[in-house]
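First the structure, in the form of structure tokens, and then the observations on it.
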Amino acid sequence: MNTPTVTPSGPQGPEATFEDTIARDQRVEPRDWMPDGYRTTLIRQIAQHAHSEIIGMQPEGEWITRAPSLRRKAILFAKVQDEAGHGLYLYSAAETLGADRTDMTARLIDGRQKYSSIFNYPTETFADVGVIGWFVDGAAICNQVPLCRTSYGPYGRAMVRVCKEESFHQRQGYELLLTMMGGTDEQREMVQDAVNRWWWPSLMMFGPPDADSPNSARSMAWKIKRHSNDELRQRFVDMTVPQAQKLGVTLPDPGLRWNEERGHHDFGAPDWDELKRVVSGDGPCNAERIARRRAAHEEGAWVREAASAHASKRATRVREGAAA
Amino acid sequence: MSGTDRTSAGGPVRIRDEWPLYEVFVRGKRGLNHVHVGSLRAPDDAMALVHARDLYTRRNEGVSVWAVRSDSIAASTLAEKDPFFAPSGDKVYRHPTFYDIPDDVPHI
């Protein structure tokens with residue numbers, strides 16, 4: 001049997017096979033040859049995505065003990081547990097590229113790898129829980145549905161699982177807000193206030209404008225990304241406007257209006273300097289989020305060690321039993 | 001499967017080492033095969049099963065779960081033109097469409 005070639009041997013070698021796989025819209029799988037840039041881009045994107053899910057547990061998790069009813073508490077528990085699950089699917093996908101899970105956690109805690117800027121904003125009232133489900137999970141769905149067809153197989157499969165679950169997240173948020181809008185004036189004001197605070201940061205979730213997103217073109221050529229930042233942002237706005245009307249809230253953008261000619265809504269530009277500040281570590285909650293993640297990791301060390309010690313002891317007993 | 005296994009097969013798990021990688025297979029309902037759904041890390045088989053339940057079946061996705069140490073799986077190489085699969089490439093007579101049957105012969 002011939003040994004299959006695993007190293008590049010010129011343009012006709014595995015590089016050509018890789019390009020052909022991408023061109024034919026086939027999926028790249030873990031042990032295929034791939035360019036170093038493809039691998040590192042994917043690891044960076046998947047790790048950042050995984051970290052976002054894990055850090056994303058915090059803003060809403062803070063409200064679990066203060067949820068106004070058992071029903072809301074159970075829902076919030078389930079949602080936050082899902083976010084943990086999404087993080088784990090994604091860490092698994094990154095591992096198939098040779099990334100090390102412990103190392104990724106270390107990089108998150110040291111600030112060497114990033115997570116979505118949106119989770120650096122505080123959740124001031126319970127209405128924020130609803131608006132996060134509606135806006136943040138809605139934006140995540142816009143981003144993630146096309147990623148189900150991303151060129152790297154394990155990432156796409158993780159996204160399929162995530163998307164199935166994300167729909168519950170968005171709907172529970174919207175339903176929560178509908179309930180509050182049917183309540184007192186004070187509750188309606190809470191919802192409007194949360195909408196005002198989360199709208200612009202949610203638009204920033206799609207990343208900088210295409211003109212300022214230097215890596216986008218390469219990611220699109222490799223079919224890691226399927227749509228540009230601006231396309232996805234437009235899709236989110238178009239999707240959200242009628243939902244806001246139905247809910248009875250005003251989106252805080254005086255420039256927001258339907259453009260008959262384009263068949264889309266026109267809308268204002270987010271404060272891109274704010275995005276830069278938050279991404280570079282200077283958002284309202286950056287330090288708090290990382291400190292919490294670090295504490296959880298350190299305080300959980302004894303659990304991981306105990307589980308390893310228990311497994312080791314049992315394995316030793318099995319071996320001694322077999323030898324006796 | 002990941003192909004990035006770093007644990008030695010069957011050896012005791014050392015503290016501070018990364019836990020071994022497991023591949024998880026779920027039977028969606030009776031009558032279906034177990035299907036690979038993803039992977040996870042766990043210190044031993046028992047914990048792998050519990051984690052697999054929590055991670056991959058939060059919404060009634062399965063009636064049965066397998067968790068298998070990744071380094072216990074024997075796998076062919078992934079290159080599509082691998083000669084490993086060559087023996088099946090030239091045996092068209094294994095497919096029903098190889099045989100010419102007149103259109104008016106019923107039930108065949």
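If you're wondering about the labels, chains in the structure tokens are A, B, ... by order shown, residues count from 1 in each chain, ligands from 1 in order shown.
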As a ChimeraX atom specification, please: the residues near Arg161 in chain A (cut-off 12 Å, only C-alpha atoms, same-chain neighbours under 5 positions excluded).
/A:82-83,85-90,141,144-145,147-148,154-156,166-167 /B:37-38,55-59,61
Interface, chain A side, toward chain B (9 Å; only C-alpha atoms) as JSON, numbers by chain
{"A": [1, 2, 3, 4, 5, 6, 29, 30, 31, 32, 33, 82, 84, 85, 86, 88, 89, 91, 92, 93, 95, 96, 97, 98, 99, 100, 101, 102, 154, 157, 158, 304, 305, 306, 307, 308, 309, 310, 311, 312, 313, 314, 315, 316]}
Just the number, please: distance in Å from CA of Ala52 in chain B to CA of Gly173 in chain A, one decimal.
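These two atoms are separated by 27.6 Å.
Minimum atom-to-atom distances from B:Ala48, B:Arg53, B:Val65, B:Phe85 to Gly28 in chain B were compared using only C-alpha atoms, and the lowest value belongs to B:Val65.
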Determine which residues of range 89-232 of chain A DSSP labels as helix (DSSP H, G or I) from the backbone of this structure, then write them out as a PyMOL selection string.
chain A and resi 89-95+101-110+117-120+126-147+153-181+185-204+210-212+216-221+229-232
Within 9 Å of Leu178 in chain A, counting only C-alpha atoms, which residues qualify if same-chain residues fewer than 5 places away don't, as a compact mmCIF listing (two decimals) with N, CA, C and O atoms, in the first residue's frame?
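This went into part13.txt:
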# COMPACT_ATOMS: atom_id res chain seq x y z
N GLY A 173 -36.42 35.31 24.96
CA GLY A 173 -36.15 36.72 25.21
C GLY A 173 -37.30 37.60 24.75
O GLY A 173 -37.75 38.49 25.47
N GLY A 183 -47.22 44.79 30.99
CA GLY A 183 -47.29 45.09 32.42
C GLY A 183 -47.51 46.56 32.70
O GLY A 183 -48.31 47.23 32.04
N LEU A 247 -43.54 44.74 19.13
CA LEU A 247 -43.33 44.80 20.58
C LEU A 247 -43.76 46.15 21.13
O LEU A 247 -44.14 46.27 22.30
N GLY A 248 -43.69 47.18 20.30
CA GLY A 248 -44.07 48.51 20.75
C GLY A 248 -42.93 49.30 21.36
O GLY A 248 -43.14 50.17 22.20
Long-range neighbours of Val237 in chain A as a ChimeraX atom specification, 10 Å cut-off, only C-alpha atoms, 5 positions minimum in chain
/A:135,139,199,203,232,242,256,264-267
Atom-to-atom span, CA of Tyr121 in chain A and CA of Gly281 in chain A, Å:
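Atom-to-atom, CA of Tyr121 in chain A to CA of Gly281 in chain A, that is 11.8 Å.
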Output as a PyMOL selection string all residues of range 168-286 of chain A that backbone DSSP marks as strand (DSSP E).
chain A and resi 257-259+264-266
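Distances to His36 in chain B were evaluated for B:Asn60, B:Asp90, B:Ser70, B:His51 using only C-alpha atoms, and the minimum falls at B:Ser70.
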My list of candidates is A:Ser219, A:Asn196, A:Asn120, A:Thr65. Which is closest to Ser52 in chain A when distances are computed with only C-alpha atoms?
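So, comparing all the options, the nearest one is A:Asn120.
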